[in-house]
Amino acid sequence: MKKLLITLLFLLFAFPVSAKALELLMAHNPNCHICEKFIEEVAVDFEYSYPGTTSHGRMTKKPLPLIIINVYEQPEWFKEAYKLRKIKPIRGTPTFIIWNGSHEGGAEIARLVGYRDKERFYSRLKEMFQDDN
């Protein structure tokens, strides 16, 4: 038991994990042709990493997972976050929200509204993270 505890402590300090991982939420309307264009051009192979730091202060790249949320079938945590005003109103689709933290305890930190093309989308995403530093 003592060896197991020591091993777990070692792993915790050797490979720290940020408690506040970011996610990219997409408010998606299944009847929106622009949303479908995004899914065909970007979502099928979406991969993006943002600059971050480990708990030891070292620079690293962290993956930004894409979570697609149907505006007509929102998960309960999303509805609750909206009620608590952790998410601003969605006025059109697609809307992309940078979400900070766990689903239950997180908050919106930035958003992109609309989609034109893949190149412009990644450019806007990159600008958001450069402005954040």
# chains A, B, ... in the order shown; residues from 1 in each chain; ligands from 1
call {"tool": "residues_around", "arguments": {"residues": "region 22-34 of chain A", "least_positions_apart": "4", "cutoff": "8 Å", "atoms": "only C-alpha atoms", "output": "CSV table (one decimal) with N, CA and C atoms, in the first residue's frame"}}
result
chain,number,residue,atom,x,y,z
A,38,PHE,N,-19.1,23.9,-41.8
A,38,PHE,CA,-18.1,23.8,-40.8
A,38,PHE,C,-17.8,22.3,-40.5
A,64,LEU,N,-7.2,21.4,-27.7
A,64,LEU,CA,-8.5,22.1,-27.5
A,64,LEU,C,-9.5,21.2,-28.1
A,65,PRO,N,-10.2,20.4,-27.3
A,65,PRO,CA,-11.2,19.5,-27.9
A,65,PRO,C,-12.5,20.3,-28.4
A,66,LEU,N,-13.1,19.8,-29.4
A,66,LEU,CA,-14.3,20.4,-30.0
A,66,LEU,C,-15.5,19.6,-29.5
A,67,ILE,N,-16.4,20.3,-28.9
A,67,ILE,CA,-17.7,19.7,-28.4
A,67,ILE,C,-18.8,20.4,-29.2
A,68,ILE,N,-19.6,19.6,-30.0
A,68,ILE,CA,-20.6,20.1,-30.8
A,68,ILE,C,-21.9,20.0,-30.0
A,69,ILE,N,-22.7,21.1,-29.8
A,69,ILE,CA,-23.9,21.1,-29.0
A,69,ILE,C,-25.0,21.5,-29.9
A,70,ASN,N,-26.0,20.6,-30.1
A,70,ASN,CA,-27.2,20.9,-30.8
A,70,ASN,C,-28.0,21.9,-30.0
A,71,VAL,N,-28.4,23.0,-30.6
A,71,VAL,CA,-29.1,24.1,-29.9
A,71,VAL,C,-30.5,23.6,-29.5
A,72,TYR,N,-31.1,22.6,-30.2
A,72,TYR,CA,-32.4,22.1,-29.8
A,72,TYR,C,-32.3,21.0,-28.8
A,90,ILE,N,-27.0,32.9,-27.2
A,90,ILE,CA,-26.6,32.5,-28.6
A,90,ILE,C,-27.6,33.1,-29.5
A,93,THR,N,-26.1,30.8,-35.4
A,93,THR,CA,-25.3,29.6,-35.5
A,93,THR,C,-24.5,29.7,-36.8
A,94,PRO,N,-23.3,29.2,-36.8
A,94,PRO,CA,-22.6,28.6,-35.6
A,94,PRO,C,-22.0,29.6,-34.7
A,95,THR,N,-22.0,29.3,-33.4
A,95,THR,CA,-21.3,30.1,-32.4
A,95,THR,C,-20.3,29.2,-31.7
A,96,PHE,N,-19.1,29.7,-31.6
A,96,PHE,CA,-18.0,28.9,-31.0
A,96,PHE,C,-17.6,29.6,-29.7
A,97,ILE,N,-17.7,28.8,-28.6
A,97,ILE,CA,-17.4,29.3,-27.3
A,97,ILE,C,-16.1,28.7,-26.7
A,98,ILE,N,-15.2,29.5,-26.3
A,98,ILE,CA,-14.0,28.9,-25.5
A,98,ILE,C,-14.5,28.8,-24.1
A,99,TRP,N,-14.5,27.5,-23.6
A,99,TRP,CA,-15.1,27.2,-22.3
A,99,TRP,C,-13.9,26.9,-21.4
A,100,ASN,N,-13.9,27.4,-20.2
A,100,ASN,CA,-12.8,27.3,-19.3
A,100,ASN,C,-13.3,26.4,-18.1
A,101,GLY,N,-12.7,25.3,-17.9
A,101,GLY,CA,-13.0,24.5,-16.7
A,101,GLY,C,-13.9,23.3,-17.0
A,114,GLY,N,-20.1,32.8,-36.3
A,114,GLY,CA,-20.1,32.6,-37.7
A,114,GLY,C,-18.9,31.8,-38.2
A,115,TYR,N,-19.0,31.4,-39.5
A,115,TYR,CA,-18.0,30.6,-40.2
A,115,TYR,C,-18.0,31.0,-41.7
A,116,ARG,N,-16.8,31.3,-42.2
A,116,ARG,CA,-16.6,31.5,-43.6
A,116,ARG,C,-15.9,30.4,-44.3
call {"tool": "select_by_dssp", "arguments": {"residues": "chain A", "states": "helix (DSSP H, G or I)", "output": "CSV table (one decimal) with C-alpha atoms, in the first residue's frame"}}
result
chain,number,residue,atom,x,y,z
A,2,LYS,CA,2.8,2.4,0.8
A,3,LYS,CA,4.5,1.7,-2.6
A,4,LEU,CA,1.2,2.5,-4.3
A,5,LEU,CA,0.8,5.8,-2.5
A,6,ILE,CA,4.4,6.8,-3.3
A,7,THR,CA,3.9,5.8,-6.9
A,8,LEU,CA,0.7,7.9,-7.2
A,9,LEU,CA,2.4,10.9,-5.5
A,10,PHE,CA,5.3,10.6,-8.0
A,11,LEU,CA,2.9,10.5,-11.0
A,12,LEU,CA,1.0,13.5,-9.7
A,13,PHE,CA,4.1,15.7,-9.4
A,14,ALA,CA,5.9,14.2,-12.4
A,33,HIS,CA,-26.1,25.1,-43.9
A,34,ILE,CA,-23.1,27.1,-42.6
A,35,CYS,CA,-22.9,24.8,-39.5
A,36,GLU,CA,-22.9,21.8,-41.9
A,37,LYS,CA,-20.2,23.4,-44.0
A,38,PHE,CA,-18.1,23.8,-40.8
A,39,ILE,CA,-18.6,20.2,-39.9
A,40,GLU,CA,-17.6,19.0,-43.4
A,41,GLU,CA,-14.6,21.3,-43.7
A,43,ALA,CA,-14.9,19.2,-37.5
A,44,VAL,CA,-14.2,16.0,-39.3
A,45,ASP,CA,-10.5,16.4,-38.6
A,76,GLU,CA,-28.3,19.9,-18.8
A,77,TRP,CA,-24.9,21.4,-17.8
A,78,PHE,CA,-25.1,23.8,-20.8
A,79,LYS,CA,-28.7,24.8,-19.9
A,80,GLU,CA,-27.6,25.4,-16.3
A,81,ALA,CA,-24.6,27.4,-17.3
A,82,TYR,CA,-26.9,29.6,-19.4
A,83,LYS,CA,-29.3,30.1,-16.5
A,118,LYS,CA,-11.4,26.7,-42.8
A,119,GLU,CA,-8.4,29.0,-43.2
A,120,ARG,CA,-10.2,32.0,-41.7
A,121,PHE,CA,-11.6,30.0,-38.8
A,122,TYR,CA,-8.1,28.8,-37.7
A,123,SER,CA,-6.7,32.3,-38.2
A,124,ARG,CA,-9.4,33.7,-35.9
A,125,LEU,CA,-8.8,31.0,-33.3
A,126,LYS,CA,-5.1,31.7,-33.3
A,127,GLU,CA,-5.8,35.5,-32.9
A,128,MET,CA,-7.9,34.8,-29.8
A,129,PHE,CA,-5.1,32.9,-28.1
A,130,GLN,CA,-2.5,35.5,-29.0
A,131,ASP,CA,-4.7,38.3,-27.6
A,132,ASP,CA,-5.1,36.3,-24.4
call {"tool": "select_by_dssp", "arguments": {"residues": "chain A", "states": "strand (DSSP E)", "output": "VMD selection string"}}
result
chain A and resid 22 to 28 49 to 53 59 to 63 66 to 70 95 to 100 107 to 113
call {"tool": "residues_around", "arguments": {"residues": "Ala21 (chain A)", "least_positions_apart": "6", "cutoff": "12 Å", "atoms": "only C-alpha atoms", "output": "compact mmCIF listing (two decimals) with N, CA and C atoms, in the first residue's frame"}}
result
# COMPACT_ATOMS: atom_id res chain seq x y z
N SER A 49 -4.14 23.09 -30.88
CA SER A 49 -3.51 23.16 -29.57
C SER A 49 -3.25 24.62 -29.24
N TYR A 50 -3.47 24.96 -27.99
CA TYR A 50 -3.27 26.34 -27.56
C TYR A 50 -2.09 26.39 -26.60
N PRO A 51 -1.42 27.54 -26.51
CA PRO A 51 -0.28 27.66 -25.59
C PRO A 51 -0.76 27.64 -24.15
N GLY A 52 -0.04 26.94 -23.32
CA GLY A 52 -0.36 26.88 -21.89
C GLY A 52 0.89 26.62 -21.10
N THR A 53 0.72 26.46 -19.81
CA THR A 53 1.86 26.15 -18.95
C THR A 53 1.49 24.99 -18.04
N THR A 54 2.49 24.25 -17.64
CA THR A 54 2.30 23.20 -16.66
C THR A 54 2.30 23.85 -15.28
N LYS A 61 1.97 22.92 -25.19
CA LYS A 61 0.79 23.04 -26.05
C LYS A 61 -0.27 22.10 -25.49
N LYS A 62 -1.48 22.61 -25.35
CA LYS A 62 -2.58 21.82 -24.81
C LYS A 62 -3.64 21.64 -25.89
N PRO A 63 -4.17 20.43 -26.02
CA PRO A 63 -5.19 20.21 -27.04
C PRO A 63 -6.49 20.94 -26.69
N LEU A 64 -7.17 21.42 -27.70
CA LEU A 64 -8.46 22.08 -27.53
C LEU A 64 -9.53 21.18 -28.14
N PRO A 65 -10.22 20.40 -27.32
CA PRO A 65 -11.24 19.50 -27.88
C PRO A 65 -12.46 20.28 -28.37
N ILE A 98 -15.20 29.48 -26.27
CA ILE A 98 -14.05 28.95 -25.55
C ILE A 98 -14.52 28.78 -24.10
N TRP A 99 -14.54 27.55 -23.64
CA TRP A 99 -15.07 27.20 -22.32
C TRP A 99 -13.91 26.85 -21.40
N ASN A 100 -13.88 27.45 -20.23
CA ASN A 100 -12.79 27.25 -19.28
C ASN A 100 -13.27 26.44 -18.09
N GLY A 101 -12.69 25.28 -17.89
CA GLY A 101 -13.01 24.48 -16.71
C GLY A 101 -13.91 23.30 -17.01
N SER A 102 -14.38 22.68 -15.95
CA SER A 102 -15.28 21.54 -16.09
C SER A 102 -16.62 22.03 -16.60
N HIS A 103 -17.43 21.12 -17.09
CA HIS A 103 -18.75 21.51 -17.59
C HIS A 103 -19.57 22.17 -16.50
N GLY A 105 -18.51 23.55 -13.60
CA GLY A 105 -17.91 24.69 -12.92
C GLY A 105 -17.23 25.68 -13.83
N GLY A 106 -17.40 25.55 -15.13
CA GLY A 106 -16.68 26.40 -16.05
C GLY A 106 -17.40 27.68 -16.38
N ALA A 107 -16.84 28.40 -17.35
CA ALA A 107 -17.42 29.66 -17.79
C ALA A 107 -16.91 29.99 -19.19
call {"tool": "atom_distance", "arguments": {"atom1": "CA of Gln74 (chain A)", "atom2": "CA of Phe46 (chain A)"}}
result
21.4 Å
call {"tool": "atom_distance", "arguments": {"atom1": "CA of Arg111 (chain A)", "atom2": "CA of Tyr48 (chain A)"}}
result
15.6 Å
call {"tool": "atom_distance", "arguments": {"atom1": "CA of Arg85 (chain A)", "atom2": "CA of Val42 (chain A)"}}
result
28.6 Å
